[in-house]
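Asks: So that you have it, the file is my_file.pdb, and it contains PDB, C-alpha atoms:
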```
ATOM      1  CA  MET A   1      48.247  19.705  61.943
ATOM      2  CA  ASP A   2      50.824  16.914  62.280
ATOM      3  CA  LEU A   3      48.770  13.833  61.350
ATOM      4  CA  GLN A   4      50.169  10.386  62.184
ATOM      5  CA  HIS A   5      48.730   6.844  62.502
ATOM      6  CA  ILE A   6      46.753   7.213  59.287
ATOM      7  CA  ASN A   7      44.330   4.474  58.227
ATOM      8  CA  VAL A   8      42.897   4.188  54.725
ATOM      9  CA  LYS A   9      39.962   1.937  53.825
ATOM     10  CA  LEU A  10      38.889   1.173  50.261
ATOM     11  CA  HIS A  11      35.333  -0.118  50.067
ATOM     12  CA  ILE A  12      34.798  -3.347  48.199
ATOM     13  CA  ALA A  13      32.096  -3.373  45.521
ATOM     14  CA  ALA A  14      29.014  -5.232  46.642
ATOM     15  CA  ASN A  15      28.162  -7.803  43.975
ATOM     16  CA  GLY A  16      25.359  -9.564  45.784
ATOM     17  CA  ALA A  17      26.390 -11.582  48.832
ATOM     18  CA  GLU A  18      29.337 -10.583  50.977
ATOM     19  CA  PRO A  19      32.464 -12.531  50.015
ATOM     20  CA  ASN A  20      33.648 -15.340  52.245
ATOM     21  CA  LEU A  21      36.752 -14.109  54.132
ATOM     22  CA  THR A  22      38.160 -17.609  54.783
ATOM     23  CA  PRO A  23      40.228 -17.736  51.534
ATOM     24  CA  LEU A  24      42.103 -14.622  52.685
ATOM     25  CA  ILE A  25      43.905 -16.557  55.416
ATOM     26  CA  PRO A  26      46.190 -18.589  53.100
ATOM     27  CA  VAL A  27      46.612 -15.549  50.818
ATOM     28  CA  PHE A  28      47.854 -13.435  53.734
ATOM     29  CA  HIS A  29      50.135 -16.274  54.879
ATOM     30  CA  ASN A  30      51.624 -16.347  51.371
ATOM     31  CA  TRP A  31      52.206 -12.602  51.613
ATOM     32  CA  ILE A  32      54.130 -13.193  54.856
ATOM     33  CA  GLN A  33      56.233 -15.929  53.259
ATOM     34  CA  GLY A  34      56.997 -13.716  50.269
ATOM     35  CA  GLN A  35      57.323 -10.499  52.319
ATOM     36  CA  VAL A  36      55.454  -8.787  49.476
ATOM     37  CA  PHE A  37      55.475  -5.272  50.954
ATOM     38  CA  GLY A  38      58.306  -3.095  52.268
ATOM     39  CA  ASP A  39      57.098  -3.641  55.839
ATOM     40  CA  LEU A  40      57.997  -6.742  57.845
ATOM     41  CA  LEU A  41      54.856  -8.927  57.835
ATOM     42  CA  LEU A  42      54.462 -11.043  60.959
ATOM     43  CA  ASP A  43      51.176 -12.883  61.472
ATOM     44  CA  VAL A  44      47.517 -13.299  60.518
ATOM     45  CA  ALA A  45      44.657 -12.760  62.962
ATOM     46  CA  ASP A  46      41.140 -14.054  62.334
ATOM     47  CA  TYR A  47      38.332 -11.853  63.690
ATOM     48  CA  ARG A  48      35.533 -13.112  61.433
ATOM     49  CA  HIS A  49      33.534 -13.983  64.557
ATOM     50  CA  VAL A  50      33.248 -10.282  65.510
ATOM     51  CA  PRO A  51      30.176  -8.717  63.859
ATOM     52  CA  GLY A  52      31.138  -5.477  62.111
ATOM     53  CA  GLY A  53      34.729  -6.079  63.212
ATOM     54  CA  PRO A  54      38.250  -6.194  61.829
ATOM     55  CA  GLY A  55      37.746  -9.358  59.716
ATOM     56  CA  ILE A  56      41.079 -10.911  58.695
ATOM     57  CA  VAL A  57      44.163  -8.917  59.712
ATOM     58  CA  LEU A  58      47.680  -9.249  58.323
ATOM     59  CA  ILE A  59      49.882  -7.898  61.093
ATOM     60  CA  GLY A  60      52.995  -5.997  60.103
ATOM     61  CA  GLN A  61      55.692  -4.304  62.123
ATOM     62  CA  GLU A  62      54.911  -0.760  60.931
ATOM     63  CA  GLY A  63      51.337  -1.248  59.750
ATOM     64  CA  ASP A  64      48.525  -3.769  59.463
ATOM     65  CA  TYR A  65      46.562  -4.786  56.374
ATOM     66  CA  SER A  66      43.059  -6.191  56.637
ATOM     67  CA  VAL A  67      39.823  -6.939  54.916
ATOM     68  CA  ASP A  68      37.521  -5.585  57.566
ATOM     69  CA  GLN A  69      33.805  -5.287  58.154
ATOM     70  CA  ALA A  70      33.804  -2.178  60.363
ATOM     71  CA  ASP A  71      30.461  -0.394  60.307
ATOM     72  CA  ASN A  72      29.221  -3.425  58.343
ATOM     73  CA  ARG A  73      31.023  -2.142  55.227
ATOM     74  CA  LEU A  74      33.503  -4.549  53.702
ATOM     75  CA  GLY A  75      36.794  -3.014  52.678
ATOM     76  CA  VAL A  76      40.550  -3.283  52.353
ATOM     77  CA  ARG A  77      42.171  -1.316  55.169
ATOM     78  CA  TYR A  78      45.699  -0.237  55.963
ATOM     79  CA  ASN A  79      46.475   0.857  59.535
ATOM     80  CA  ARG A  80      49.784   2.710  59.955
ATOM     81  CA  LYS A  81      50.948   1.967  63.506
ATOM     82  CA  SER A  82      54.361   3.579  63.745
ATOM     83  CA  PRO A  83      55.091   7.296  63.235
ATOM     84  CA  LEU A  84      56.402   8.295  59.823
ATOM     85  CA  ASP A  85      58.772  11.137  58.918
ATOM     86  CA  GLY A  86      57.959  13.598  56.161
ATOM     87  CA  SER A  87      55.103  15.961  55.482
ATOM     88  CA  VAL A  88      51.434  15.238  56.138
ATOM     89  CA  GLN A  89      51.006  14.752  52.366
ATOM     90  CA  ASP A  90      53.827  12.172  52.427
ATOM     91  CA  ARG A  91      52.072  10.280  55.241
ATOM     92  CA  LEU A  92      48.682  10.400  53.524
ATOM     93  CA  ARG A  93      50.239   9.113  50.282
ATOM     94  CA  GLN A  94      52.081   6.312  52.109
ATOM     95  CA  ALA A  95      48.905   5.029  53.783
ATOM     96  CA  ALA A  96      46.853   5.305  50.582
ATOM     97  CA  ARG A  97      49.560   3.552  48.525
ATOM     98  CA  ALA A  98      49.709   0.721  51.061
ATOM     99  CA  ALA A  99      45.921   0.230  50.976
ATOM    100  CA  LEU A 100      45.860   0.459  47.183
ATOM    101  CA  ALA A 101      48.760  -1.994  46.807
ATOM    102  CA  ALA A 102      46.913  -4.494  49.025
ATOM    103  CA  ALA A 103      43.693  -3.982  47.037
ATOM    104  CA  GLN A 104      45.564  -4.471  43.767
ATOM    105  CA  ARG A 105      47.102  -7.738  45.002
ATOM    106  CA  LEU A 106      43.715  -9.000  46.200
ATOM    107  CA  GLU A 107      42.039  -8.107  42.893
ATOM    108  CA  SER A 108      44.653 -10.066  40.952
ATOM    109  CA  GLU A 109      44.854 -13.059  43.331
ATOM    110  CA  PRO A 110      43.700 -16.109  41.297
ATOM    111  CA  SER A 111      42.479 -18.059  44.335
ATOM    112  CA  LEU A 112      40.021 -15.262  45.223
ATOM    113  CA  ASP A 113      38.288 -15.481  41.832
ATOM    114  CA  GLY A 114      37.685 -11.725  41.559
ATOM    115  CA  LYS A 115      35.514 -11.566  44.694
ATOM    116  CA  PHE A 116      37.475  -8.698  46.263
ATOM    117  CA  ARG A 117      37.148  -5.726  43.913
ATOM    118  CA  PHE A 118      37.512  -2.115  44.945
ATOM    119  CA  GLY A 119      34.309  -0.211  44.178
ATOM    120  CA  GLY A 120      36.269   2.671  42.666
ATOM    121  CA  ARG A 121      34.519   5.545  44.375
ATOM    122  CA  GLU A 122      34.690   5.427  48.185
ATOM    123  CA  VAL A 123      37.773   5.907  50.324
ATOM    124  CA  GLU A 124      37.692   6.386  54.080
ATOM    125  CA  LEU A 125      40.539   7.923  56.001
ATOM    126  CA  PHE A 126      40.897   7.642  59.787
ATOM    127  CA  ILE A 127      43.402   9.091  62.221
ATOM    128  CA  ASN A 128      43.982   6.362  64.782
ATOM    129  CA  ASP A 129      45.159   8.740  67.518
ATOM    130  CA  ARG A 130      42.442  10.375  69.638
ATOM    131  CA  LEU A 131      44.932  12.560  71.498
ATOM    132  CA  LEU A 132      46.544  13.939  68.349
ATOM    133  CA  ALA A 133      43.306  14.212  66.350
ATOM    134  CA  PRO A 134      40.144  14.173  68.470
ATOM    135  CA  ASN A 135      36.968  13.997  66.427
ATOM    136  CA  THR A 136      36.062  17.658  66.844
ATOM    137  CA  ASP A 137      35.258  20.600  64.607
ATOM    138  CA  ALA A 138      38.659  22.118  65.464
ATOM    139  CA  THR A 139      40.427  19.006  64.117
ATOM    140  CA  ARG A 140      38.278  19.045  60.970
ATOM    141  CA  GLN A 141      39.143  22.691  60.305
ATOM    142  CA  ALA A 142      42.871  22.139  60.952
ATOM    143  CA  ALA A 143      43.055  19.014  58.764
ATOM    144  CA  LYS A 144      40.812  20.265  55.937
ATOM    145  CA  PRO A 145      43.521  21.927  53.769
ATOM    146  CA  ASP A 146      45.708  18.808  53.797
ATOM    147  CA  LEU A 147      42.765  16.481  53.177
ATOM    148  CA  ASP A 148      41.375  18.610  50.348
ATOM    149  CA  ALA A 149      44.790  18.691  48.639
ATOM    150  CA  PHE A 150      45.293  14.954  49.110
ATOM    151  CA  PHE A 151      41.903  13.877  47.747
ATOM    152  CA  LYS A 152      42.164  16.344  44.851
ATOM    153  CA  LYS A 153      45.351  14.547  43.815
ATOM    154  CA  LEU A 154      44.009  11.031  44.513
ATOM    155  CA  PHE A 155      40.774  11.569  42.569
ATOM    156  CA  ARG A 156      42.337  13.540  39.717
ATOM    157  CA  GLY A 157      39.914  13.351  36.836
ATOM    158  CA  SER A 158      36.829  13.132  39.043
ATOM    159  CA  ASP A 159      34.945  15.507  41.282
ATOM    160  CA  PHE A 160      34.492  14.277  44.831
ATOM    161  CA  SER A 161      32.756  15.073  48.078
ATOM    162  CA  LEU A 162      34.035  14.789  51.639
ATOM    163  CA  ASN A 163      31.881  13.772  54.575
ATOM    164  CA  TYR A 164      33.273  14.033  58.106
ATOM    165  CA  GLY A 165      32.193  11.887  61.029
ATOM    166  CA  THR A 166      30.982  13.951  63.984
ATOM    167  CA  ASP A 167      30.646  11.469  66.857
ATOM    168  CA  PRO A 168      33.279  12.569  69.419
ATOM    169  CA  ARG A 169      33.511   8.985  70.730
ATOM    170  CA  ARG A 170      34.799   7.714  67.378
ATOM    171  CA  LEU A 171      38.087   8.192  65.525
ATOM    172  CA  PHE A 172      38.495  11.268  63.358
ATOM    173  CA  THR A 173      37.110  10.076  60.016
ATOM    174  CA  VAL A 174      36.599  11.515  56.567
ATOM    175  CA  SER A 175      34.781   9.643  53.833
ATOM    176  CA  ALA A 176      35.601  10.696  50.273
ATOM    177  CA  THR A 177      33.313   9.768  47.396
ATOM    178  CA  ALA A 178      34.308  10.338  43.780
ATOM    179  CA  THR A 179      31.604  11.157  41.230
ATOM    180  CA  LYS A 180      32.979   8.558  38.818
ATOM    181  CA  PRO A 181      34.600   5.205  39.563
ATOM    182  CA  LEU A 182      38.366   4.928  39.267
ATOM    183  CA  GLN A 183      40.470   1.781  39.040
ATOM    184  CA  VAL A 184      43.127   0.994  41.654
ATOM    185  CA  GLY A 185      45.873   1.506  39.055
ATOM    186  CA  GLU A 186      44.513   4.959  38.196
ATOM    187  CA  LEU A 187      44.522   5.991  41.841
ATOM    188  CA  LEU A 188      48.091   4.745  42.295
ATOM    189  CA  SER A 189      49.119   6.657  39.184
ATOM    190  CA  ASN A 190      47.389   9.794  40.465
ATOM    191  CA  LEU A 191      49.430   9.632  43.670
ATOM    192  CA  GLY A 192      52.651   9.564  41.656
ATOM    193  CA  THR A 193      55.952   9.382  43.492
TER     194      THR A 193
END
```
What does the file become when written as structure tokens?
Replies:
Amino acid sequence: MDLQHINVKLHIAANGAEPNLTPLIPVFHNWIQGQVFGDLLLDVADYRHVPGGPGIVLIGQEGDYSVDQADNRLGVRYNRKSPLDGSVQDRLRQAARAALAAAQRLESEPSLDGKFRFGGREVELFINDRLLAPNTDATRQAAKPDLDAFFKKLFRGSDFSLNYGTDPRRLFTVSATATKPLQVGELLSNLGT
């Protein structure tokens, strides 16, 4: 299966109340000014008013970065918009690295005072292309070998389970949960080059 338009969401650890998303706006604007990623960063969109929505979005030319509240679960999300050459494993690694790099920057951002910390166990992966990857059993079976290999590498050192969404009206989604928490740096190291 030729997967494209991969999204990766890293759930943020819930330490009591949900963090205030307002401080992300100047942080994302600083990322634009510094062009901190390899993608051209263009603008910031504020969707805090949408319940269970996209939150604060940093719009890039090839992909978007956000701290979203989809399904009422706060997380750092990377949305690859443009097609990417290479193997499916290359594309999965690229999207995961982008999400992890954003999470790492947020965790170390002094102005956020440690309020945005990756929980270390849950990663969601979406294919944002209903034509290419409808949310069906056939898609799950076709994608399973690539997803198993990818998450085995990502969660090296921890067992994990995969849970697939089944609602045909939603994007193809797999939620991976590691049995032990891993730090962002460990996950980046596991992905290698």
Asks: What does the structure give for the distance between CA of Phe172 in chain A and CA of Pro19 in chain A, in Å to one decimal?
Replies: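 Answer for the CA of Phe172 in chain A to CA of Pro19 in chain A separation: 27.9 Å.
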Asks: Given the choices A:Ala176, A:Ala95, A:Ile56, A:Val44, which gets closest to Leu191 in chain A if the distance is worked out from only C-alpha atoms?
Replies: A:Ala95
Asks: If you apply the PyMOL selection byres ((chain A and resi 155) around 9) to this file, what residues do you get, as a list in words?
Replies: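 That expression, the PyMOL selection byres ((chain A and resi 155) around 9), corresponds here to Arg121, Phe150, Phe151, Lys152, Lys153, Leu154, Arg156, Gly157, Ser158, Asp159, Phe160, Ala178, Leu182, Glu186, Leu187, Asn190 and Leu191 of chain A.
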Asks: For the provided coordinates, the residues matched by the PyMOL selection byres ((chain A and resi 67-83) around 9) should be stated as a ChimeraX atom specification.
Replies: /A:4-14,18-19,21,24,47-48,50-58,60-66,84-85,94-96,98-100,102-103,106,116,118,124,126,128
Asks: Could you turn the residues from that selection into a file that holds C-alpha atoms, as an mmCIF file, in the coordinates of the input?
Replies:
```cif
data_model
loop_
_atom_site.group_PDB
_atom_site.id
_atom_site.type_symbol
_atom_site.label_atom_id
_atom_site.label_comp_id
_atom_site.auth_asym_id
_atom_site.auth_seq_id
_atom_site.Cartn_x
_atom_site.Cartn_y
_atom_site.Cartn_z
ATOM 1 C CA GLN A 4 50.169 10.386 62.184
ATOM 2 C CA HIS A 5 48.730 6.844 62.502
ATOM 3 C CA ILE A 6 46.753 7.213 59.287
ATOM 4 C CA ASN A 7 44.330 4.474 58.227
ATOM 5 C CA VAL A 8 42.897 4.188 54.725
ATOM 6 C CA LYS A 9 39.962 1.937 53.825
ATOM 7 C CA LEU A 10 38.889 1.173 50.261
ATOM 8 C CA HIS A 11 35.333 -0.118 50.067
ATOM 9 C CA ILE A 12 34.798 -3.347 48.199
ATOM 10 C CA ALA A 13 32.096 -3.373 45.521
ATOM 11 C CA ALA A 14 29.014 -5.232 46.642
ATOM 12 C CA GLU A 18 29.337 -10.583 50.977
ATOM 13 C CA PRO A 19 32.464 -12.531 50.015
ATOM 14 C CA LEU A 21 36.752 -14.109 54.132
ATOM 15 C CA LEU A 24 42.103 -14.622 52.685
ATOM 16 C CA TYR A 47 38.332 -11.853 63.690
ATOM 17 C CA ARG A 48 35.533 -13.112 61.433
ATOM 18 C CA VAL A 50 33.248 -10.282 65.510
ATOM 19 C CA PRO A 51 30.176 -8.717 63.859
ATOM 20 C CA GLY A 52 31.138 -5.477 62.111
ATOM 21 C CA GLY A 53 34.729 -6.079 63.212
ATOM 22 C CA PRO A 54 38.250 -6.194 61.829
ATOM 23 C CA GLY A 55 37.746 -9.358 59.716
ATOM 24 C CA ILE A 56 41.079 -10.911 58.695
ATOM 25 C CA VAL A 57 44.163 -8.917 59.712
ATOM 26 C CA LEU A 58 47.680 -9.249 58.323
ATOM 27 C CA GLY A 60 52.995 -5.997 60.103
ATOM 28 C CA GLN A 61 55.692 -4.304 62.123
ATOM 29 C CA GLU A 62 54.911 -0.760 60.931
ATOM 30 C CA GLY A 63 51.337 -1.248 59.750
ATOM 31 C CA ASP A 64 48.525 -3.769 59.463
ATOM 32 C CA TYR A 65 46.562 -4.786 56.374
ATOM 33 C CA SER A 66 43.059 -6.191 56.637
ATOM 34 C CA LEU A 84 56.402 8.295 59.823
ATOM 35 C CA ASP A 85 58.772 11.137 58.918
ATOM 36 C CA GLN A 94 52.081 6.312 52.109
ATOM 37 C CA ALA A 95 48.905 5.029 53.783
ATOM 38 C CA ALA A 96 46.853 5.305 50.582
ATOM 39 C CA ALA A 98 49.709 0.721 51.061
ATOM 40 C CA ALA A 99 45.921 0.230 50.976
ATOM 41 C CA LEU A 100 45.860 0.459 47.183
ATOM 42 C CA ALA A 102 46.913 -4.494 49.025
ATOM 43 C CA ALA A 103 43.693 -3.982 47.037
ATOM 44 C CA LEU A 106 43.715 -9.000 46.200
ATOM 45 C CA PHE A 116 37.475 -8.698 46.263
ATOM 46 C CA PHE A 118 37.512 -2.115 44.945
ATOM 47 C CA GLU A 124 37.692 6.386 54.080
ATOM 48 C CA PHE A 126 40.897 7.642 59.787
ATOM 49 C CA ASN A 128 43.982 6.362 64.782
#
```
Asks: Within 9 Å of Ile32 in chain A, counting all atoms listed in the file, which residues show up once you throw out same-chain ones fewer than 2 positions away? Write them as a list of chain:residue names, please.
Replies: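 Counting all atoms listed in the file, the residues come to A:Val27, A:Phe28, A:His29, A:Asn30, A:Gly34, A:Gln35, A:Val36, A:Phe37, A:Leu40, A:Leu41, A:Leu42, A:Asp43, A:Val44, A:Leu58, A:Gly60.
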Asks: I'd like the contact shell of range 133-146 of chain A - 9 Å cut-off, all atoms listed in the file, skipping same-chain residues fewer than 2 positions apart - returned as a PyMOL selection string.
Replies: chain A and resi 1-4+88-89+92+127-131+148-151+164-174
Asks: One decimal, in Å: what's the spacing between CA of Gln183 in chain A and CA of Lys115 in chain A?
Replies: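 One can read the CA of Gln183 in chain A to CA of Lys115 in chain A distance as 15.3 Å.
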Asks: When you count only C-alpha atoms, which of these residues is closest to Arg93 in chain A: A:Leu147, A:Asn163, A:Gly185, A:Thr179?
Replies: A:Leu147
Asks: What is the CA of Asp39 in chain A to CA of Arg105 in chain A distance in Å?
Replies: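 Taking CA of Asp39 in chain A as the start and CA of Arg105 in chain A as the end point, the length is 15.3 Å.
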Asks: Looking at A:Ser161, A:Ser87, A:Gln104, A:Gln33, which one is nearest to Ser175 in chain A, with distances taken over all atoms listed in the file?
Replies: A:Ser161
Asks: Pick the closest to Glu107 in chain A from A:Val184, A:Pro26, A:Val123, A:Asn20: which is it, counting all atoms listed in the file?
Replies: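 Answer, going by the shortest atom-to-atom distance: A:Val184.
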